[in-house]
$ cat my_file-v6.cif   # mmCIF, N, CA, C and O atoms
data_upload
loop_
_atom_site.group_PDB
_atom_site.id
_atom_site.type_symbol
_atom_site.label_atom_id
_atom_site.label_comp_id
_atom_site.auth_asym_id
_atom_site.auth_seq_id
_atom_site.Cartn_x
_atom_site.Cartn_y
_atom_site.Cartn_z
ATOM 1 N N MET U 1 127.254 103.383 107.074
ATOM 2 C CA MET U 1 126.975 102.097 106.506
ATOM 3 C C MET U 1 126.770 101.100 107.636
ATOM 4 O O MET U 1 127.485 101.103 108.616
ATOM 5 N N GLY U 2 125.769 100.244 107.491
ATOM 6 C CA GLY U 2 125.433 99.314 108.542
ATOM 7 C C GLY U 2 126.201 98.000 108.446
ATOM 8 O O GLY U 2 127.099 97.829 107.629
ATOM 9 N N LEU U 3 125.814 97.106 109.295
ATOM 10 C CA LEU U 3 126.420 95.779 109.311
ATOM 11 C C LEU U 3 125.990 94.989 108.081
ATOM 12 O O LEU U 3 124.908 95.199 107.551
ATOM 13 N N PRO U 4 126.804 94.040 107.648
ATOM 14 C CA PRO U 4 126.388 93.181 106.536
ATOM 15 C C PRO U 4 125.230 92.293 106.968
ATOM 16 O O PRO U 4 125.243 91.704 108.044
ATOM 17 N N LEU U 5 124.226 92.220 106.128
ATOM 18 C CA LEU U 5 123.050 91.400 106.378
ATOM 19 C C LEU U 5 123.015 90.295 105.340
ATOM 20 O O LEU U 5 123.561 90.440 104.250
ATOM 21 N N ARG U 6 122.334 89.200 105.654
ATOM 22 C CA ARG U 6 122.276 88.067 104.727
ATOM 23 C C ARG U 6 120.841 87.749 104.379
ATOM 24 O O ARG U 6 119.946 87.900 105.195
ATOM 25 N N ILE U 7 120.665 87.286 103.164
ATOM 26 C CA ILE U 7 119.366 86.805 102.709
ATOM 27 C C ILE U 7 119.627 85.588 101.830
ATOM 28 O O ILE U 7 120.597 85.557 101.075
ATOM 29 N N THR U 8 118.788 84.582 101.961
ATOM 30 C CA THR U 8 118.864 83.410 101.103
ATOM 31 C C THR U 8 117.687 83.468 100.148
ATOM 32 O O THR U 8 116.540 83.592 100.567
ATOM 33 N N PHE U 9 117.993 83.387 98.851
ATOM 34 C CA PHE U 9 116.963 83.457 97.822
ATOM 35 C C PHE U 9 117.266 82.390 96.783
ATOM 36 O O PHE U 9 118.366 82.344 96.240
ATOM 37 N N ASN U 10 116.301 81.519 96.532
ATOM 38 C CA ASN U 10 116.468 80.405 95.587
ATOM 39 C C ASN U 10 117.725 79.585 95.890
ATOM 40 O O ASN U 10 118.540 79.304 95.014
ATOM 41 N N ASP U 11 117.889 79.242 97.157
ATOM 42 C CA ASP U 11 119.006 78.422 97.631
ATOM 43 C C ASP U 11 120.377 79.049 97.407
ATOM 44 O O ASP U 11 121.380 78.342 97.342
ATOM 45 N N LYS U 12 120.437 80.366 97.271
ATOM 46 C CA LYS U 12 121.711 81.069 97.131
ATOM 47 C C LYS U 12 121.758 82.166 98.186
ATOM 48 O O LYS U 12 120.772 82.868 98.398
ATOM 49 N N ASP U 13 122.906 82.306 98.858
ATOM 50 C CA ASP U 13 123.074 83.331 99.890
ATOM 51 C C ASP U 13 123.587 84.624 99.272
ATOM 52 O O ASP U 13 124.479 84.606 98.426
ATOM 53 N N TYR U 14 123.025 85.731 99.719
ATOM 54 C CA TYR U 14 123.447 87.061 99.296
ATOM 55 C C TYR U 14 123.781 87.867 100.537
ATOM 56 O O TYR U 14 123.132 87.719 101.574
ATOM 57 N N VAL U 15 124.774 88.721 100.431
ATOM 58 C CA VAL U 15 125.147 89.630 101.513
ATOM 59 C C VAL U 15 124.837 91.035 101.040
ATOM 60 O O VAL U 15 125.185 91.416 99.927
ATOM 61 N N TYR U 16 124.156 91.802 101.889
ATOM 62 C CA TYR U 16 123.826 93.176 101.516
ATOM 63 C C TYR U 16 123.980 94.101 102.705
ATOM 64 O O TYR U 16 123.989 93.666 103.852
ATOM 65 N N GLN U 17 124.159 95.375 102.395
ATOM 66 C CA GLN U 17 124.226 96.421 103.411
ATOM 67 C C GLN U 17 123.296 97.540 102.984
ATOM 68 O O GLN U 17 123.188 97.847 101.794
ATOM 69 N N ILE U 18 122.655 98.161 103.941
ATOM 70 C CA ILE U 18 121.789 99.298 103.674
ATOM 71 C C ILE U 18 122.655 100.550 103.752
ATOM 72 O O ILE U 18 123.245 100.837 104.787
ATOM 73 N N LEU U 19 122.746 101.284 102.649
ATOM 74 C CA LEU U 19 123.638 102.437 102.593
ATOM 75 C C LEU U 19 123.026 103.694 103.202
ATOM 76 O O LEU U 19 123.724 104.524 103.741
ATOM 77 N N ASN U 20 121.716 103.868 103.104
ATOM 78 C CA ASN U 20 121.072 105.090 103.592
ATOM 79 C C ASN U 20 120.195 104.812 104.810
ATOM 80 O O ASN U 20 119.103 105.342 104.921
ATOM 81 N N SER U 21 120.679 104.003 105.737
ATOM 82 C CA SER U 21 119.852 103.570 106.870
ATOM 83 C C SER U 21 119.460 104.706 107.805
ATOM 84 O O SER U 21 118.412 104.637 108.437
ATOM 85 N N ASN U 22 120.245 105.768 107.884
ATOM 86 C CA ASN U 22 119.885 106.865 108.789
ATOM 87 C C ASN U 22 118.760 107.728 108.221
ATOM 88 O O ASN U 22 118.179 108.524 108.939
ATOM 89 N N LEU U 23 118.436 107.582 106.949
ATOM 90 C CA LEU U 23 117.368 108.370 106.335
ATOM 91 C C LEU U 23 116.061 107.589 106.217
ATOM 92 O O LEU U 23 115.109 108.069 105.624
ATOM 93 N N ILE U 24 116.004 106.396 106.779
ATOM 94 C CA ILE U 24 114.843 105.529 106.613
ATOM 95 C C ILE U 24 113.856 105.725 107.756
ATOM 96 O O ILE U 24 114.229 105.729 108.921
ATOM 97 N N ASN U 25 112.596 105.890 107.374
ATOM 98 C CA ASN U 25 111.509 105.910 108.344
ATOM 99 C C ASN U 25 110.323 105.166 107.743
ATOM 100 O O ASN U 25 110.439 104.545 106.689
ATOM 101 N N GLN U 26 109.167 105.225 108.380
ATOM 102 C CA GLN U 26 108.021 104.444 107.909
ATOM 103 C C GLN U 26 107.458 104.934 106.581
ATOM 104 O O GLN U 26 106.666 104.245 105.953
ATOM 105 N N HIS U 27 107.867 106.101 106.111
ATOM 106 C CA HIS U 27 107.379 106.643 104.840
ATOM 107 C C HIS U 27 108.395 106.491 103.709
ATOM 108 O O HIS U 27 108.186 107.020 102.622
ATOM 109 N N THR U 28 109.481 105.775 103.949
ATOM 110 C CA THR U 28 110.534 105.609 102.959
ATOM 111 C C THR U 28 110.048 104.766 101.786
ATOM 112 O O THR U 28 109.426 103.723 101.978
ATOM 113 N N THR U 29 110.328 105.236 100.575
ATOM 114 C CA THR U 29 109.948 104.485 99.372
ATOM 115 C C THR U 29 111.155 104.165 98.492
ATOM 116 O O THR U 29 110.997 103.486 97.484
ATOM 117 N N GLU U 30 112.344 104.632 98.851
ATOM 118 C CA GLU U 30 113.548 104.344 98.084
ATOM 119 C C GLU U 30 114.663 103.908 99.029
ATOM 120 O O GLU U 30 114.825 104.464 100.110
ATOM 121 N N LEU U 31 115.426 102.896 98.599
ATOM 122 C CA LEU U 31 116.530 102.374 99.399
ATOM 123 C C LEU U 31 117.772 102.238 98.536
ATOM 124 O O LEU U 31 117.675 101.867 97.362
ATOM 125 N N GLU U 32 118.916 102.515 99.121
ATOM 126 C CA GLU U 32 120.204 102.246 98.483
ATOM 127 C C GLU U 32 120.825 101.070 99.221
ATOM 128 O O GLU U 32 121.004 101.116 100.432
ATOM 129 N N ILE U 33 121.142 100.024 98.461
ATOM 130 C CA ILE U 33 121.657 98.790 99.042
ATOM 131 C C ILE U 33 122.936 98.398 98.313
ATOM 132 O O ILE U 33 123.024 98.528 97.091
ATOM 133 N N MET U 34 123.910 97.902 99.064
ATOM 134 C CA MET U 34 125.111 97.323 98.479
ATOM 135 C C MET U 34 124.905 95.808 98.500
ATOM 136 O O MET U 34 124.900 95.188 99.558
ATOM 137 N N LEU U 35 124.658 95.228 97.323
ATOM 138 C CA LEU U 35 124.376 93.804 97.195
ATOM 139 C C LEU U 35 125.574 93.111 96.563
ATOM 140 O O LEU U 35 125.877 93.339 95.396
ATOM 141 N N ASP U 36 126.245 92.285 97.350
ATOM 142 C CA ASP U 36 127.440 91.568 96.885
ATOM 143 C C ASP U 36 128.436 92.496 96.204
ATOM 144 O O ASP U 36 128.963 92.202 95.131
ATOM 145 N N GLY U 37 128.663 93.670 96.790
ATOM 146 C CA GLY U 37 129.650 94.614 96.283
ATOM 147 C C GLY U 37 129.150 95.530 95.182
ATOM 148 O O GLY U 37 129.907 96.338 94.662
ATOM 149 N N GLU U 38 127.891 95.442 94.822
ATOM 150 C CA GLU U 38 127.324 96.268 93.756
ATOM 151 C C GLU U 38 126.222 97.154 94.333
ATOM 152 O O GLU U 38 125.333 96.670 95.028
ATOM 153 N N LYS U 39 126.274 98.446 94.046
ATOM 154 C CA LYS U 39 125.262 99.372 94.553
ATOM 155 C C LYS U 39 123.973 99.206 93.753
ATOM 156 O O LYS U 39 123.971 99.243 92.525
ATOM 157 N N VAL U 40 122.869 99.010 94.473
ATOM 158 C CA VAL U 40 121.562 98.800 93.866
ATOM 159 C C VAL U 40 120.581 99.770 94.518
ATOM 160 O O VAL U 40 120.562 99.908 95.737
ATOM 161 N N GLU U 41 119.788 100.445 93.706
ATOM 162 C CA GLU U 41 118.749 101.325 94.225
ATOM 163 C C GLU U 41 117.398 100.706 93.913
ATOM 164 O O GLU U 41 117.108 100.376 92.773
ATOM 165 N N ILE U 42 116.582 100.533 94.963
ATOM 166 C CA ILE U 42 115.251 99.985 94.776
ATOM 167 C C ILE U 42 114.227 100.990 95.295
ATOM 168 O O ILE U 42 114.546 101.839 96.126
ATOM 169 N N MET U 43 113.015 100.877 94.790
ATOM 170 C CA MET U 43 111.951 101.784 95.223
ATOM 171 C C MET U 43 110.621 101.062 95.177
ATOM 172 O O MET U 43 110.472 100.045 94.507
ATOM 173 N N LYS U 44 109.651 101.596 95.920
ATOM 174 C CA LYS U 44 108.291 101.071 95.894
ATOM 175 C C LYS U 44 107.529 101.759 94.777
ATOM 176 O O LYS U 44 107.585 102.975 94.631
ATOM 177 N N ASP U 45 106.803 100.968 93.988
ATOM 178 C CA ASP U 45 105.989 101.574 92.943
ATOM 179 C C ASP U 45 104.598 101.897 93.490
ATOM 180 O O ASP U 45 104.354 101.805 94.704
ATOM 181 N N ILE U 46 103.690 102.272 92.625
ATOM 182 C CA ILE U 46 102.336 102.668 93.038
ATOM 183 C C ILE U 46 101.615 101.529 93.739
ATOM 184 O O ILE U 46 100.831 101.750 94.669
ATOM 185 N N LYS U 47 101.899 100.287 93.342
ATOM 186 C CA LYS U 47 101.258 99.110 93.940
ATOM 187 C C LYS U 47 101.950 98.661 95.219
ATOM 188 O O LYS U 47 101.640 97.607 95.760
ATOM 189 N N LYS U 48 102.941 99.444 95.689
ATOM 190 C CA LYS U 48 103.733 99.150 96.886
ATOM 191 C C LYS U 48 104.549 97.867 96.734
ATOM 192 O O LYS U 48 104.727 97.107 97.674
ATOM 193 N N VAL U 49 105.050 97.647 95.516
ATOM 194 C CA VAL U 49 105.921 96.523 95.210
ATOM 195 C C VAL U 49 107.329 97.071 95.012
ATOM 196 O O VAL U 49 107.515 98.093 94.357
ATOM 197 N N TRP U 50 108.326 96.409 95.581
ATOM 198 C CA TRP U 50 109.714 96.856 95.437
ATOM 199 C C TRP U 50 110.212 96.515 94.039
ATOM 200 O O TRP U 50 110.119 95.373 93.598
ATOM 201 N N ILE U 51 110.763 97.515 93.344
ATOM 202 C CA ILE U 51 111.305 97.342 92.000
ATOM 203 C C ILE U 51 112.658 98.038 91.921
ATOM 204 O O ILE U 51 112.998 98.861 92.774
ATOM 205 N N LEU U 52 113.421 97.715 90.892
ATOM 206 C CA LEU U 52 114.701 98.390 90.659
ATOM 207 C C LEU U 52 114.458 99.786 90.131
ATOM 208 O O LEU U 52 113.585 99.996 89.282
ATOM 209 N N LYS U 53 115.231 100.729 90.607
ATOM 210 C CA LYS U 53 115.139 102.093 90.090
ATOM 211 C C LYS U 53 115.768 102.166 88.703
ATOM 212 O O LYS U 53 115.267 102.844 87.820
ATOM 213 N N ASP U 54 116.869 101.440 88.499
ATOM 214 C CA ASP U 54 117.549 101.375 87.208
ATOM 215 C C ASP U 54 117.116 100.099 86.503
ATOM 216 O O ASP U 54 117.494 99.004 86.895
ATOM 217 N N GLU U 55 116.324 100.217 85.463
ATOM 218 C CA GLU U 55 115.768 99.049 84.785
ATOM 219 C C GLU U 55 116.806 98.284 83.972
ATOM 220 O O GLU U 55 116.534 97.177 83.522
ATOM 221 N N ASN U 56 117.997 98.828 83.772
ATOM 222 C CA ASN U 56 119.033 98.154 82.991
ATOM 223 C C ASN U 56 119.820 97.148 83.820
ATOM 224 O O ASN U 56 120.675 96.451 83.289
ATOM 225 N N ASN U 57 119.557 97.071 85.114
ATOM 226 C CA ASN U 57 120.268 96.166 86.001
ATOM 227 C C ASN U 57 119.682 94.755 85.864
ATOM 228 O O ASN U 57 118.476 94.586 85.917
ATOM 229 N N PRO U 58 120.520 93.725 85.701
ATOM 230 C CA PRO U 58 120.019 92.371 85.445
ATOM 231 C C PRO U 58 119.630 91.564 86.687
ATOM 232 O O PRO U 58 119.647 90.342 86.651
ATOM 233 N N ILE U 59 119.266 92.200 87.771
ATOM 234 C CA ILE U 59 118.907 91.482 88.999
ATOM 235 C C ILE U 59 117.471 90.970 88.883
ATOM 236 O O ILE U 59 116.578 91.667 88.392
ATOM 237 N N ASP U 60 117.247 89.752 89.356
ATOM 238 C CA ASP U 60 115.935 89.113 89.323
ATOM 239 C C ASP U 60 114.919 89.968 90.083
ATOM 240 O O ASP U 60 115.155 90.334 91.240
ATOM 241 N N PRO U 61 113.784 90.305 89.473
ATOM 242 C CA PRO U 61 112.770 91.115 90.162
ATOM 243 C C PRO U 61 112.263 90.492 91.463
ATOM 244 O O PRO U 61 111.922 91.199 92.404
ATOM 245 N N GLU U 62 112.238 89.166 91.536
ATOM 246 C CA GLU U 62 111.808 88.509 92.766
ATOM 247 C C GLU U 62 112.838 88.685 93.877
ATOM 248 O O GLU U 62 112.482 88.787 95.046
ATOM 249 N N LEU U 63 114.121 88.736 93.514
ATOM 250 C CA LEU U 63 115.170 89.008 94.498
ATOM 251 C C LEU U 63 115.038 90.434 95.011
ATOM 252 O O LEU U 63 115.184 90.682 96.210
ATOM 253 N N VAL U 64 114.742 91.364 94.127
ATOM 254 C CA VAL U 64 114.545 92.764 94.539
ATOM 255 C C VAL U 64 113.387 92.854 95.520
ATOM 256 O O VAL U 64 113.469 93.523 96.547
ATOM 257 N N GLN U 65 112.293 92.156 95.226
ATOM 258 C CA GLN U 65 111.126 92.145 96.117
ATOM 259 C C GLN U 65 111.502 91.531 97.470
ATOM 260 O O GLN U 65 111.118 92.039 98.521
ATOM 261 N N ALA U 66 112.282 90.452 97.456
ATOM 262 C CA ALA U 66 112.711 89.807 98.705
ATOM 263 C C ALA U 66 113.614 90.733 99.516
ATOM 264 O O ALA U 66 113.502 90.794 100.745
ATOM 265 N N LEU U 67 114.507 91.470 98.857
ATOM 266 C CA LEU U 67 115.365 92.428 99.556
ATOM 267 C C LEU U 67 114.531 93.527 100.207
ATOM 268 O O LEU U 67 114.762 93.899 101.353
ATOM 269 N N GLY U 68 113.579 94.062 99.461
ATOM 270 C CA GLY U 68 112.711 95.106 100.008
ATOM 271 C C GLY U 68 111.928 94.624 101.209
ATOM 272 O O GLY U 68 111.824 95.330 102.222
ATOM 273 N N ARG U 69 111.393 93.411 101.128
ATOM 274 C CA ARG U 69 110.657 92.848 102.269
ATOM 275 C C ARG U 69 111.576 92.634 103.459
ATOM 276 O O ARG U 69 111.197 92.898 104.607
ATOM 277 N N SER U 70 112.790 92.153 103.204
ATOM 278 C CA SER U 70 113.741 91.905 104.278
ATOM 279 C C SER U 70 114.079 93.201 105.015
ATOM 280 O O SER U 70 114.071 93.246 106.251
ATOM 281 N N VAL U 71 114.361 94.256 104.264
ATOM 282 C CA VAL U 71 114.673 95.550 104.883
ATOM 283 C C VAL U 71 113.450 96.087 105.614
ATOM 284 O O VAL U 71 113.553 96.603 106.727
ATOM 285 N N SER U 72 112.271 95.957 105.000
ATOM 286 C CA SER U 72 111.040 96.447 105.636
ATOM 287 C C SER U 72 110.788 95.766 106.981
ATOM 288 O O SER U 72 110.385 96.408 107.944
ATOM 289 N N LEU U 73 111.038 94.469 107.041
ATOM 290 C CA LEU U 73 110.829 93.743 108.285
ATOM 291 C C LEU U 73 111.874 94.110 109.335
ATOM 292 O O LEU U 73 111.554 94.245 110.518
ATOM 293 N N ARG U 74 113.117 94.290 108.928
ATOM 294 C CA ARG U 74 114.180 94.626 109.874
ATOM 295 C C ARG U 74 114.026 96.034 110.442
ATOM 296 O O ARG U 74 114.297 96.278 111.609
ATOM 297 N N LEU U 75 113.600 96.974 109.607
ATOM 298 C CA LEU U 75 113.526 98.370 110.031
ATOM 299 C C LEU U 75 112.090 98.859 110.265
ATOM 300 O O LEU U 75 111.859 100.041 110.445
ATOM 301 N N ARG U 76 111.148 97.942 110.201
ATOM 302 C CA ARG U 76 109.730 98.245 110.467
ATOM 303 C C ARG U 76 109.197 99.380 109.610
ATOM 304 O O ARG U 76 108.675 100.371 110.105
ATOM 305 N N LEU U 77 109.350 99.231 108.287
ATOM 306 C CA LEU U 77 108.837 100.227 107.353
ATOM 307 C C LEU U 77 107.355 100.069 107.170
ATOM 308 O O LEU U 77 106.816 99.040 107.164
#

$ encode --input "my_file-v6.cif" --output "structure tokens"
Amino acid sequence: MGLPLRITFNDKDYVYQILNSNLINQHTTELEIMLDGEKVEIMKDIKKVWILKDENNPIDPELVQALGRSVSLRLRL
């Protein structure tokens, strides 16, 4: 598990950790993230947009997209 990372979205701060960071490379399409103590799995769809793997999770889709972009920029996906 990596260091806690921060993202600000809609004037609210979130803390997240990348759980599967050792398995990430430039072809990665799925990520496991611990967001504020809750495990969240996100993936890239056909349009290369980050979405939730579990559709029953009430997280804002724009926040999911921001998390995916943040990880992509940090790890050069």

$ closest_residue --input "my_file-v6.cif" --among "U:Asp54, U:Glu30, U:Asp36, U:Glu41" --to "U:Ser72" --atoms "only C-alpha atoms"
U:Glu30

$ closest_residue --input "my_file-v6.cif" --among "U:Asn56, U:Thr28, U:Gln17, U:Thr8" --to "U:Met43" --atoms "only N, CA, C and O atoms"
U:Thr28

$ resolve_selection --input "my_file-v6.cif" --expression "the PyMOL selection byres ((chain U and resi 50) around 5)" --output "number ranges by chain"
U: 43-44, 48-49, 51-52, 61, 64-65

$ resolve_selection --input "my_file-v6.cif" --expression "the PyMOL selection byres (((chain U and resi 19 and name CA) around 12) and name CA)" --output "list in words"
Met1, Gly2, Leu3, Pro4, Leu5, Tyr16, Gln17, Ile18, Asn20, Ser21, Asn22, Leu23, Ile24, Glu30, Leu31, Glu32, Ile33, Met34, Leu35, Gly37, Glu38, Lys39, Val40, Glu41, Ile42 and Val71 of chain U

$ select_by_dssp --input "my_file-v6.cif" --residues "chain U" --states "helix (DSSP H, G or I)" --output "PyMOL selection string"
chain U and resi 21-23+61-75

$ atom_distance --input "my_file-v6.cif" --atom1 "atom N of U:Ser70" --atom2 "atom CA of U:Phe9"
11.0 Å

$ select_by_dssp --input "my_file-v6.cif" --residues "stretch 14-75 of chain U" --states "strand (DSSP E or B)" --output "MDAnalysis selection string"
chainID U and resid 14:18 30:35 38:44 50:52
